[in-house]
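Chemist: The structure that follows is given in the form of structure tokens.
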Amino acid sequence: MIAVIDYGVGNLFSLCSSLKYVGADVVVTGDPEVIKTADKIILPGVGAFEDARKKLAANGLDELIKQRAAAGVPLLGICLGMQMLFEESHEYGVHKGLGLIKGRVIAMKGKIPETLDVPHMGWNALKFHNPSPLFKYITEGDCVYFVHSYYADGCEQSLIASSEYGIPITAAVQNGNVYGCQFHPEKSGNVGLNILKAFCER
Amino acid sequence: MITKRIIPCLDVKNGRVVKGVNFEGLNDVSDPVSLAAYYSDWGADELVFYDITASAEGRQLFTDILREVASKIFIPLTVGGGINTLDDFDRVLKCGADKVSVNSGAIRNPLLVEEAAKKYGDQCVVLSADIKRVDGKFTVFGKGGRENTGMEAIEWIKRCVGMGAGEVVVNSIDTDGVKQGFDLEMLSAVCDAVKVPVIASGGAGGIDHFTELFKKDPRVSAGLAASIFHFGEVKIHDLKKELSKNDILVRL
């Protein structure tokens, strides 16, 4: 069973639908007892880092997720959920992340050419950096759908895919059993479904 | 880099798509779910659903349909039509919409843009503007293009983007339905004024018009059309192949 963590951040309708579509046994839950029994965990999220981080800490879910990840349970963070896997975020102040992946989350503004819009929104192609089981069913150059204004930096060791937006933008990371996608696989058509399918098979 | 987006727009009335004709391999062209899946399979980058029903029953049917579409089609969905309050945002977002397009609702109450952007994020709020030249000035029209608001369009768009609209659909009433190409002059004026994605709407009659659009003003992010896709005059797959041949970046 895959637990999609429900901590009051964002809309989980499409994510759950897409997981069901690829045949996964999905439970949307914020209940620690249920999360403990899950054999995979997905941490979604949209919105502001600080607010999401606080909500995740409110009922101890942050520590639980860390414990489960340390126990080897495959964990996938999506969008803001991915950003929370890092050590810290610089979105409106400095906030501590879960520290499961080395690196920090910083603003695109000031780093990308001024002519480019923020947020980075739309379909962009993936460039692979390291092989990952997440990419089992997709090929380099496939496009995925992004919506974000901050990105992960200093995570070269775990970088598995990037997309070009004036500069290389971290698109996906992996550190052992901990995975993260900056893009939205649940909105990335067949490519996204294939990424979710590959994660479900871990 | 970000690819140029091609976006078919589906008008839904009482739970059925209006204006559809026959496609090969598609039995029910007025079924929103089948048509959405068809477009998605053939490379649409996003879908826009406009609810053109006025009744409460129609509204309920629309959200049922939306939920069904969102549970089967996994590309971004934008919903417009009858969006007047934050509750309307809530209603469609819960059914799987990713973005919500406001038009007359924002004209009636511009604060709707600001409140929605604060609550759901800028990326969620799409300003749709119907614009027509009146005495040589770009003027905003409301109520589906029937009512002259007297507002200058560029100022209106700047104001809404300032309040948090994350994307702008520019629908030129002057070129709409004429099929002689997009309104490049109007689109360039909007691109000059704002730094959010601008979506061109109104005037596409064939593949060449999309090539012309992205070649002449590369700042335009996306092309939106309805009838040429629904009537099968332009197939999205062919369109994207042609754009790619012309060195315009698209998702194939």
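Identifiers in this document derive from the order of the structure tokens: chains are assigned A, B, ..., residues are numbered from 1 separately in each chain, and ligands are numbered from 1 in order of occurrence.
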Using only C-alpha atoms, which protein or nucleic acid residues come within 10 Å of Gly176 in chain A? Drop anything in the same chain fewer than 2 positions from it, and give the result as a PDB file with N, CA and C atoms, in the first residue's frame.
Modeler:
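Once written, part36.pdb looks like this:
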```
ATOM      1  N   ALA A  69      11.904   6.457   6.078  1.00  0.00           N
ATOM      2  CA  ALA A  69      12.922   6.534   5.020  1.00  0.00           C
ATOM      3  C   ALA A  69      14.208   5.834   5.476  1.00  0.00           C
ATOM      4  N   ALA A  70      14.573   6.063   6.750  1.00  0.00           N
ATOM      5  CA  ALA A  70      15.779   5.438   7.293  1.00  0.00           C
ATOM      6  C   ALA A  70      15.621   3.919   7.345  1.00  0.00           C
ATOM      7  N   GLY A  72      14.275   2.249   5.120  1.00  0.00           N
ATOM      8  CA  GLY A  72      14.361   1.708   3.760  1.00  0.00           C
ATOM      9  C   GLY A  72      13.082   1.786   2.942  1.00  0.00           C
ATOM     10  N   PRO A  74      10.633   3.136   0.373  1.00  0.00           N
ATOM     11  CA  PRO A  74      10.772   4.093  -0.734  1.00  0.00           C
ATOM     12  C   PRO A  74       9.881   5.326  -0.505  1.00  0.00           C
ATOM     13  N   LEU A  75      10.500   6.486  -0.658  1.00  0.00           N
ATOM     14  CA  LEU A  75       9.808   7.755  -0.408  1.00  0.00           C
ATOM     15  C   LEU A  75       9.968   8.633  -1.644  1.00  0.00           C
ATOM     16  N   LEU A 100      16.984  14.818   4.193  1.00  0.00           N
ATOM     17  CA  LEU A 100      17.184  13.470   3.652  1.00  0.00           C
ATOM     18  C   LEU A 100      18.058  13.482   2.409  1.00  0.00           C
ATOM     19  N   ILE A 101      18.181  14.661   1.798  1.00  0.00           N
ATOM     20  CA  ILE A 101      19.040  14.815   0.625  1.00  0.00           C
ATOM     21  C   ILE A 101      19.869  16.071   0.814  1.00  0.00           C
ATOM     22  N   SER A 132      18.495   5.949 -12.972  1.00  0.00           N
ATOM     23  CA  SER A 132      17.645   5.769 -11.799  1.00  0.00           C
ATOM     24  C   SER A 132      16.501   4.832 -12.158  1.00  0.00           C
ATOM     25  N   SER A 158      23.090  13.760  -5.725  1.00  0.00           N
ATOM     26  CA  SER A 158      21.842  13.011  -5.866  1.00  0.00           C
ATOM     27  C   SER A 158      21.078  13.380  -7.137  1.00  0.00           C
ATOM     28  N   VAL A 173      15.792  13.988  -8.200  1.00  0.00           N
ATOM     29  CA  VAL A 173      16.922  13.569  -7.373  1.00  0.00           C
ATOM     30  C   VAL A 173      16.653  12.189  -6.785  1.00  0.00           C
ATOM     31  N   GLN A 174      17.723  11.520  -6.419  1.00  0.00           N
ATOM     32  CA  GLN A 174      17.586  10.238  -5.728  1.00  0.00           C
ATOM     33  C   GLN A 174      18.756  10.048  -4.777  1.00  0.00           C
ATOM     34  N   VAL A 178      15.261   7.329  -1.314  1.00  0.00           N
ATOM     35  CA  VAL A 178      14.545   8.610  -1.261  1.00  0.00           C
ATOM     36  C   VAL A 178      14.615   9.285  -2.632  1.00  0.00           C
ATOM     37  N   TYR A 179      13.431   9.545  -3.221  1.00  0.00           N
ATOM     38  CA  TYR A 179      13.337  10.128  -4.554  1.00  0.00           C
ATOM     39  C   TYR A 179      12.607  11.469  -4.490  1.00  0.00           C
TER      40      TYR A 179
END
```
Chemist: Using only C-alpha atoms, which protein or nucleic acid residues come within 12 Å of Glu33 in chain A? Drop anything in the same chain fewer than 4 positions from it, and give the result as a ChimeraX atom specification.
Modeler: /A:3,29,37-38,59-61,64-65,68
Chemist: Distance table requested - chain A against chain B, cut-off 6 Å, only C-alpha atoms: one row per qualifying residue with the closest atom pair and its distance in Å to one decimal, ordered by chain and rising residue number, as CSV.
Modeler:
```
residue,atom,partner,partner_atom,distance
A:Phe13,CA,B:Gly96,CA,5.8
A:Ser14,CA,B:Gly96,CA,5.9
A:Ser17,CA,B:Ser71,CA,5.0
A:Gly122,CA,B:Ile2,CA,6.0
A:Trp123,CA,B:Ile2,CA,5.5
A:Asn124,CA,B:Ile2,CA,4.8
A:Glu164,CA,B:Met1,CA,5.2
A:Tyr165,CA,B:Met1,CA,5.1
A:Glu186,CA,B:Phe74,CA,5.9
A:Lys187,CA,B:Ile75,CA,4.4
A:Ser188,CA,B:Ile75,CA,5.6
A:Gly189,CA,B:Phe74,CA,4.9
```
Chemist: If we count only C-alpha atoms, what is near range 228-236 of chain B at a cut-off of 10 Å, once residues fewer than 5 positions away on the same chain are taken out, given as a ChimeraX atom specification?
Modeler: /B:6-10,17-24,29-30,35,39-45,177,179,203-207,241-242
Chemist: Among chain A, which residues does DSSP mark as strand (DSSP E or B) when it is run on the backbone? Keep the chain and numbering as in the structure and answer as a VMD selection string.
Modeler: chain A and resid 2 to 5 26 to 29 40 to 43 75 to 78 86 to 89 95 to 96 101 to 107 120 to 125 127 to 128 143 to 148 150 to 153 159 to 165 167 to 175 178 to 181
Chemist: Restricting the calculation to only C-alpha atoms: of B:Val198, B:Val48, B:Ile65, B:Met151, which residue gets closest to Ala226 in chain B?
Modeler: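 That would be B:Val48, the residue with the smallest distance to Ala226 in chain B.
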Chemist: From a backbone DSSP assignment, name each residue in chain A labelled helix (DSSP H, G or I), as a ChimeraX atom specification.
Modeler: /A:13-21,32-37,49-58,61-70,80-83,133-135,156-158,185-187,189-200
Chemist: Output the selection as a PDB file, in the first residue's frame - C-alpha atoms for each residue.
Modeler:
```pdb
ATOM      1  CA  PHE A  13      -7.170  14.519  -6.459  1.00  0.00           C
ATOM      2  CA  SER A  14      -5.012  14.226  -9.598  1.00  0.00           C
ATOM      3  CA  LEU A  15      -2.141  12.528  -7.807  1.00  0.00           C
ATOM      4  CA  CYS A  16      -4.405   9.844  -6.367  1.00  0.00           C
ATOM      5  CA  SER A  17      -6.218   9.388  -9.660  1.00  0.00           C
ATOM      6  CA  SER A  18      -2.946   8.923 -11.515  1.00  0.00           C
ATOM      7  CA  LEU A  19      -1.642   6.414  -8.965  1.00  0.00           C
ATOM      8  CA  LYS A  20      -4.873   4.429  -9.216  1.00  0.00           C
ATOM      9  CA  TYR A  21      -4.563   4.628 -12.988  1.00  0.00           C
ATOM     10  CA  PRO A  32       0.734   7.992  11.667  1.00  0.00           C
ATOM     11  CA  GLU A  33      -0.526   4.451  12.347  1.00  0.00           C
ATOM     12  CA  VAL A  34      -1.515   4.010   8.705  1.00  0.00           C
ATOM     13  CA  ILE A  35       1.668   5.620   7.400  1.00  0.00           C
ATOM     14  CA  LYS A  36       3.724   3.205   9.534  1.00  0.00           C
ATOM     15  CA  THR A  37       2.206   0.245   7.701  1.00  0.00           C
ATOM     16  CA  PHE A  49       7.700  26.094   2.191  1.00  0.00           C
ATOM     17  CA  GLU A  50       7.434  27.438   5.725  1.00  0.00           C
ATOM     18  CA  ASP A  51       3.701  26.848   6.017  1.00  0.00           C
ATOM     19  CA  ALA A  52       3.974  23.318   4.624  1.00  0.00           C
ATOM     20  CA  ARG A  53       6.953  22.487   6.826  1.00  0.00           C
ATOM     21  CA  LYS A  54       5.068  23.612   9.933  1.00  0.00           C
ATOM     22  CA  LYS A  55       1.987  21.623   9.009  1.00  0.00           C
ATOM     23  CA  LEU A  56       4.127  18.532   8.463  1.00  0.00           C
ATOM     24  CA  ALA A  57       5.757  18.995  11.867  1.00  0.00           C
ATOM     25  CA  ALA A  58       2.473  19.694  13.652  1.00  0.00           C
ATOM     26  CA  LEU A  61       4.739  13.440  10.530  1.00  0.00           C
ATOM     27  CA  ASP A  62       8.150  14.887   9.665  1.00  0.00           C
ATOM     28  CA  GLU A  63       9.943  12.640  12.174  1.00  0.00           C
ATOM     29  CA  LEU A  64       7.850   9.651  11.138  1.00  0.00           C
ATOM     30  CA  ILE A  65       8.727  10.152   7.461  1.00  0.00           C
ATOM     31  CA  LYS A  66      12.409  10.368   8.358  1.00  0.00           C
ATOM     32  CA  GLN A  67      12.167   7.156  10.386  1.00  0.00           C
ATOM     33  CA  ARG A  68      10.413   5.281   7.613  1.00  0.00           C
ATOM     34  CA  ALA A  69      12.922   6.534   5.020  1.00  0.00           C
ATOM     35  CA  ALA A  70      15.779   5.438   7.293  1.00  0.00           C
ATOM     36  CA  LEU A  80       7.182  21.257  -2.672  1.00  0.00           C
ATOM     37  CA  GLY A  81       7.274  17.745  -1.185  1.00  0.00           C
ATOM     38  CA  MET A  82      10.563  17.235  -3.018  1.00  0.00           C
ATOM     39  CA  GLN A  83      11.923  20.564  -1.818  1.00  0.00           C
ATOM     40  CA  PRO A 133      14.945   3.123 -11.473  1.00  0.00           C
ATOM     41  CA  LEU A 134      12.477   6.035 -11.676  1.00  0.00           C
ATOM     42  CA  PHE A 135      13.333   6.365 -15.376  1.00  0.00           C
ATOM     43  CA  GLU A 156      25.014  17.216  -7.481  1.00  0.00           C
ATOM     44  CA  GLN A 157      25.501  13.913  -5.653  1.00  0.00           C
ATOM     45  CA  SER A 158      21.842  13.011  -5.866  1.00  0.00           C
ATOM     46  CA  PRO A 185       4.268  13.487 -12.680  1.00  0.00           C
ATOM     47  CA  GLU A 186       0.490  13.466 -12.144  1.00  0.00           C
ATOM     48  CA  LYS A 187       0.195  16.254 -14.757  1.00  0.00           C
ATOM     49  CA  GLY A 189       0.813  12.749 -19.368  1.00  0.00           C
ATOM     50  CA  ASN A 190       2.113   9.263 -20.144  1.00  0.00           C
ATOM     51  CA  VAL A 191       5.667  10.196 -19.197  1.00  0.00           C
ATOM     52  CA  GLY A 192       4.487  11.135 -15.707  1.00  0.00           C
ATOM     53  CA  LEU A 193       2.380   7.998 -15.382  1.00  0.00           C
ATOM     54  CA  ASN A 194       5.421   5.929 -16.341  1.00  0.00           C
ATOM     55  CA  ILE A 195       7.504   7.603 -13.644  1.00  0.00           C
ATOM     56  CA  LEU A 196       4.822   6.869 -11.040  1.00  0.00           C
ATOM     57  CA  LYS A 197       4.542   3.291 -12.291  1.00  0.00           C
ATOM     58  CA  ALA A 198       8.312   2.852 -11.915  1.00  0.00           C
ATOM     59  CA  PHE A 199       8.185   4.227  -8.364  1.00  0.00           C
ATOM     60  CA  CYS A 200       5.299   1.914  -7.469  1.00  0.00           C
TER      61      CYS A 200
END
```
Chemist: In Å to one decimal, how far is CA of Thr78 in chain B from CA of Gly15 in chain B?
Modeler: 16.2 Å
Chemist: Can you tell me which residues surround range 135-148 of chain B at a distance of at most 12 Å, considering only C-alpha atoms, apart from same-chain residues fewer than 3 positions away, and format the answer as a PyMOL selection string?
Modeler: chain B and resi 50-52+80-82+102-108+127-132+151-157+170-174+176+183+185-187+189-190
